[in-house]
Amino acid sequence: MDLNSDLGEGFGQWALGDDEALLDVVTSANVACGYHAGDASIMRRVCEQAVACGVAIGAQVGYRDLPGFGRRFIDVEPAALTQDVIYQVGALDAFARVAGSRVRYVKPHGALYNAIVHHEEQAAAVVRAVVDLDPTLPVLGLPGSVFLRLAAEAGLTTVAEAFADRAYTPEGTLVSRRLDGAVLHDPEEIARRCVAMAAGEPIADVAGRPLVLTPDSICVHGDTRGAVGIARQVRAALTAAGTGLAPFAR
């Protein structure tokens, strides 16, 4: 099982999360590329730290929305969105290469991630960006999404993702952050859910009904309160259950 986290999400003197501590826990790092968060100095630092820790570097691409942290839907034209994604991946790949590695995969962020679960045009635009830039790059996304379907049809490697600290609807989508209970905070509960996910066993959706998720990668958010402690507990629980941890992309 791969364990990933969204990292490098500060900007200038503003810091968010403990990237260094999380890089000692996770196996893949979704690094912000400057559109929803991150800047050149942060991208270089996180890439260097990821390489030192043996963590795979992924490009976390999003809408150009620093004030909204990329969590607001933007009705950007598909052709422009394609170029925005190429721009972001290319920028991060430059810093990854300076650090002695390269970008290994692409994961959309925030509102873009949620939009392309159903938004055909924007999903196709993101797929087009990866195909045009490097069709060997895997893409990380929500199982059952339009994005992963179109990516598979285009010949890209698709990686199904689940979220350690997020509540799910009965349909298997994420509960909106605007609703109470969308983000989970109990480390023990989160760890139990992750062990169940890895074993193909059901977790409870937001209505309390069983929901089976079969992820290739589990995300622990770097900006959740107590993120480092949660990530450590998740890793320990998965290891104790006999689940090996390794990056899905090398």
# chains A, B, ... in the order shown; residues from 1 in each chain; ligands from 1
>>> residues_around(residues="segment 175-179 of chain A", least_positions_apart="6", cutoff="9 Å", atoms="only C-alpha atoms", output="list in words")
Arg166, Ala167, Tyr168, Thr169 and Val206 of chain A
>>> residues_around(residues="Tyr87 of chain A", least_positions_apart="2", cutoff="12 Å", atoms="only C-alpha atoms", output="PyMOL selection string")
chain A and resi 33-35+59-64+80-85+89-94+126+129-130+132-133
>>> select_by_dssp(residues="segment 34-235 of chain A", states="strand (DSSP E or B)", output="PyMOL selection string")
chain A and resi 56-61+103-108+139-141+158-163+166+168+174+183+203-204+210-211+217-219
>>> write_last_selection(atoms="C-alpha atoms", output="PDB file, in the first residue's frame")
ATOM      1  CA  ALA A  56       8.261   9.496  -4.499  1.00  0.00           C
ATOM      2  CA  ILE A  57       7.499  13.015  -5.772  1.00  0.00           C
ATOM      3  CA  GLY A  58       4.111  13.713  -7.337  1.00  0.00           C
ATOM      4  CA  ALA A  59       2.784  16.942  -8.852  1.00  0.00           C
ATOM      5  CA  GLN A  60      -0.271  18.227  -7.008  1.00  0.00           C
ATOM      6  CA  VAL A  61      -1.937  20.395  -9.645  1.00  0.00           C
ATOM      7  CA  VAL A 103       8.009  13.863 -10.939  1.00  0.00           C
ATOM      8  CA  ARG A 104       6.631  10.310 -10.735  1.00  0.00           C
ATOM      9  CA  TYR A 105       2.868  10.944 -10.948  1.00  0.00           C
ATOM     10  CA  VAL A 106       0.140  13.599 -11.096  1.00  0.00           C
ATOM     11  CA  LYS A 107      -2.639  14.211  -8.568  1.00  0.00           C
ATOM     12  CA  PRO A 108      -5.220  17.003  -8.898  1.00  0.00           C
ATOM     13  CA  VAL A 139      -2.508   9.703 -12.331  1.00  0.00           C
ATOM     14  CA  LEU A 140      -3.999   9.500  -8.861  1.00  0.00           C
ATOM     15  CA  GLY A 141      -7.731  10.010  -8.412  1.00  0.00           C
ATOM     16  CA  THR A 158      -4.539   5.008 -13.075  1.00  0.00           C
ATOM     17  CA  VAL A 159      -4.139   4.754  -9.307  1.00  0.00           C
ATOM     18  CA  ALA A 160      -7.221   4.536  -7.062  1.00  0.00           C
ATOM     19  CA  GLU A 161      -7.017   6.699  -3.960  1.00  0.00           C
ATOM     20  CA  ALA A 162      -8.827   6.724  -0.631  1.00  0.00           C
ATOM     21  CA  PHE A 163      -8.661   9.321   2.126  1.00  0.00           C
ATOM     22  CA  ARG A 166     -12.317  12.229   5.174  1.00  0.00           C
ATOM     23  CA  TYR A 168     -17.546   9.403   2.435  1.00  0.00           C
ATOM     24  CA  LEU A 174     -16.086  12.788  -0.429  1.00  0.00           C
ATOM     25  CA  VAL A 183     -13.010  15.737   8.193  1.00  0.00           C
ATOM     26  CA  ILE A 203     -15.874   1.233   6.426  1.00  0.00           C
ATOM     27  CA  ALA A 204     -18.884   3.276   7.496  1.00  0.00           C
ATOM     28  CA  PRO A 210     -20.970  -0.153   4.935  1.00  0.00           C
ATOM     29  CA  LEU A 211     -18.848   1.089   2.053  1.00  0.00           C
ATOM     30  CA  SER A 217      -2.931   4.603  -2.191  1.00  0.00           C
ATOM     31  CA  ILE A 218      -4.242   6.214   1.004  1.00  0.00           C
ATOM     32  CA  CYS A 219      -3.954   9.964   1.572  1.00  0.00           C
TER      33      CYS A 219
END
>>> residues_around(residues="Ala191 of chain A", least_positions_apart="3", cutoff="9 Å", atoms="only C-alpha atoms", output="NGL selection string")
:A and (164 or 186-188 or 194-196 or 230-231 or 233-238)
>>> closest_residue(among="A:Ile86, A:Leu213, A:Leu16, A:Val46", to="Phe69 of chain A", atoms="only C-alpha atoms")
A:Leu16
>>> residues_around(residues="Pro67 of chain A", least_positions_apart="4", cutoff="10 Å", atoms="only C-alpha atoms", output="list in words")
Tyr35, His36, Ala37, Arg71 and Arg72 of chain A
>>> write_last_selection(atoms="N, CA and C atoms", output="compact mmCIF listing (two decimals), in the first residue's frame")
# COMPACT_ATOMS: atom_id res chain seq x y z
N TYR A 35 0.19 26.94 -7.77
CA TYR A 35 -1.10 27.51 -8.17
C TYR A 35 -2.06 27.64 -6.99
N HIS A 36 -2.21 26.59 -6.21
CA HIS A 36 -3.08 26.70 -5.02
C HIS A 36 -2.25 26.98 -3.77
N ALA A 37 -0.97 26.65 -3.82
CA ALA A 37 -0.03 26.86 -2.72
C ALA A 37 1.36 26.54 -3.25
N ARG A 71 -9.59 25.47 -3.34
CA ARG A 71 -10.79 24.74 -2.92
C ARG A 71 -12.08 25.36 -3.45
N ARG A 72 -11.96 26.27 -4.42
CA ARG A 72 -13.13 26.86 -5.06
C ARG A 72 -13.15 26.45 -6.53
>>> atom_distance(atom1="atom CA of Gly8 of chain A", atom2="atom CA of Asn114 of chain A")
20.3 Å
>>> closest_residue(among="A:Leu7, A:Gly70, A:Ala240, A:Gly100", to="Leu112 of chain A", atoms="only C-alpha atoms")
A:Gly70
>>> atom_distance(atom1="atom CA of Val228 of chain A", atom2="atom CA of Asp2 of chain A")
16.5 Å
>>> select_by_dssp(residues="segment 7-226 of chain A", states="helix (DSSP H, G or I)", output="PyMOL selection string")
chain A and resi 19-23+40-53+78-98+110-115+120-133+146-153+187-199
>>> decode(residues="segment 5-66 of chain A", atoms="C-alpha atoms", output="PDB file, in the first residue's frame")
ATOM      1  CA  SER A   5       0.243  13.293   1.737  1.00  0.00           C
ATOM      2  CA  ASP A   6      -0.235  16.798   0.325  1.00  0.00           C
ATOM      3  CA  LEU A   7       2.961  18.706   1.070  1.00  0.00           C
ATOM      4  CA  GLY A   8       4.684  21.988   0.251  1.00  0.00           C
ATOM      5  CA  GLU A   9       1.462  23.901   0.815  1.00  0.00           C
ATOM      6  CA  GLY A  10       2.929  27.029   2.354  1.00  0.00           C
ATOM      7  CA  PHE A  11       3.617  30.248   0.475  1.00  0.00           C
ATOM      8  CA  GLY A  12       6.427  32.704   1.155  1.00  0.00           C
ATOM      9  CA  GLN A  13       6.648  33.180   4.912  1.00  0.00           C
ATOM     10  CA  TRP A  14       3.316  31.428   5.466  1.00  0.00           C
ATOM     11  CA  ALA A  15       3.751  27.793   6.549  1.00  0.00           C
ATOM     12  CA  LEU A  16       1.218  24.980   6.585  1.00  0.00           C
ATOM     13  CA  GLY A  17       1.851  21.559   8.051  1.00  0.00           C
ATOM     14  CA  ASP A  18       5.095  19.820   8.977  1.00  0.00           C
ATOM     15  CA  ASP A  19       6.520  18.618   5.673  1.00  0.00           C
ATOM     16  CA  GLU A  20       9.746  17.294   7.154  1.00  0.00           C
ATOM     17  CA  ALA A  21       8.003  15.145   9.766  1.00  0.00           C
ATOM     18  CA  LEU A  22       5.465  13.774   7.285  1.00  0.00           C
ATOM     19  CA  LEU A  23       8.207  12.816   4.841  1.00  0.00           C
ATOM     20  CA  ASP A  24       9.489  10.419   7.496  1.00  0.00           C
ATOM     21  CA  VAL A  25       6.089   8.677   7.449  1.00  0.00           C
ATOM     22  CA  VAL A  26       4.639   8.670   3.929  1.00  0.00           C
ATOM     23  CA  THR A  27       5.877   6.919   0.799  1.00  0.00           C
ATOM     24  CA  SER A  28       4.637   9.484  -1.752  1.00  0.00           C
ATOM     25  CA  ALA A  29       4.516  13.287  -1.581  1.00  0.00           C
ATOM     26  CA  ASN A  30       1.922  15.291  -3.517  1.00  0.00           C
ATOM     27  CA  VAL A  31       3.842  18.552  -3.808  1.00  0.00           C
ATOM     28  CA  ALA A  32       1.979  21.805  -4.451  1.00  0.00           C
ATOM     29  CA  CYS A  33       3.133  23.424  -7.694  1.00  0.00           C
ATOM     30  CA  GLY A  34       2.507  27.113  -7.023  1.00  0.00           C
ATOM     31  CA  TYR A  35      -1.097  27.515  -8.168  1.00  0.00           C
ATOM     32  CA  HIS A  36      -3.077  26.703  -5.022  1.00  0.00           C
ATOM     33  CA  ALA A  37      -0.029  26.862  -2.718  1.00  0.00           C
ATOM     34  CA  GLY A  38       3.732  26.535  -2.804  1.00  0.00           C
ATOM     35  CA  ASP A  39       6.465  28.617  -4.383  1.00  0.00           C
ATOM     36  CA  ALA A  40       9.874  28.028  -5.921  1.00  0.00           C
ATOM     37  CA  SER A  41      11.782  27.895  -2.650  1.00  0.00           C
ATOM     38  CA  ILE A  42       9.262  25.555  -1.038  1.00  0.00           C
ATOM     39  CA  MET A  43       9.157  23.253  -4.065  1.00  0.00           C
ATOM     40  CA  ARG A  44      12.938  22.934  -4.087  1.00  0.00           C
ATOM     41  CA  ARG A  45      13.147  22.290  -0.341  1.00  0.00           C
ATOM     42  CA  VAL A  46      10.402  19.647  -0.301  1.00  0.00           C
ATOM     43  CA  CYS A  47      11.843  17.872  -3.349  1.00  0.00           C
ATOM     44  CA  GLU A  48      15.268  17.716  -1.713  1.00  0.00           C
ATOM     45  CA  GLN A  49      13.772  16.394   1.523  1.00  0.00           C
ATOM     46  CA  ALA A  50      11.683  13.824  -0.359  1.00  0.00           C
ATOM     47  CA  VAL A  51      14.730  12.504  -2.197  1.00  0.00           C
ATOM     48  CA  ALA A  52      16.663  12.252   1.070  1.00  0.00           C
ATOM     49  CA  CYS A  53      13.809  10.225   2.590  1.00  0.00           C
ATOM     50  CA  GLY A  54      13.284   7.979  -0.443  1.00  0.00           C
ATOM     51  CA  VAL A  55       9.781   9.359  -1.003  1.00  0.00           C
ATOM     52  CA  ALA A  56       8.261   9.496  -4.499  1.00  0.00           C
ATOM     53  CA  ILE A  57       7.499  13.015  -5.772  1.00  0.00           C
ATOM     54  CA  GLY A  58       4.111  13.713  -7.337  1.00  0.00           C
ATOM     55  CA  ALA A  59       2.784  16.942  -8.852  1.00  0.00           C
ATOM     56  CA  GLN A  60      -0.271  18.227  -7.008  1.00  0.00           C
ATOM     57  CA  VAL A  61      -1.937  20.395  -9.645  1.00  0.00           C
ATOM     58  CA  GLY A  62      -4.884  22.694  -9.084  1.00  0.00           C
ATOM     59  CA  TYR A  63      -6.733  25.810 -10.094  1.00  0.00           C
ATOM     60  CA  ARG A  64      -4.872  29.125 -10.057  1.00  0.00           C
ATOM     61  CA  ASP A  65      -6.377  30.105  -6.703  1.00  0.00           C
ATOM     62  CA  LEU A  66      -3.902  31.040  -3.973  1.00  0.00           C
TER      63      LEU A  66
END
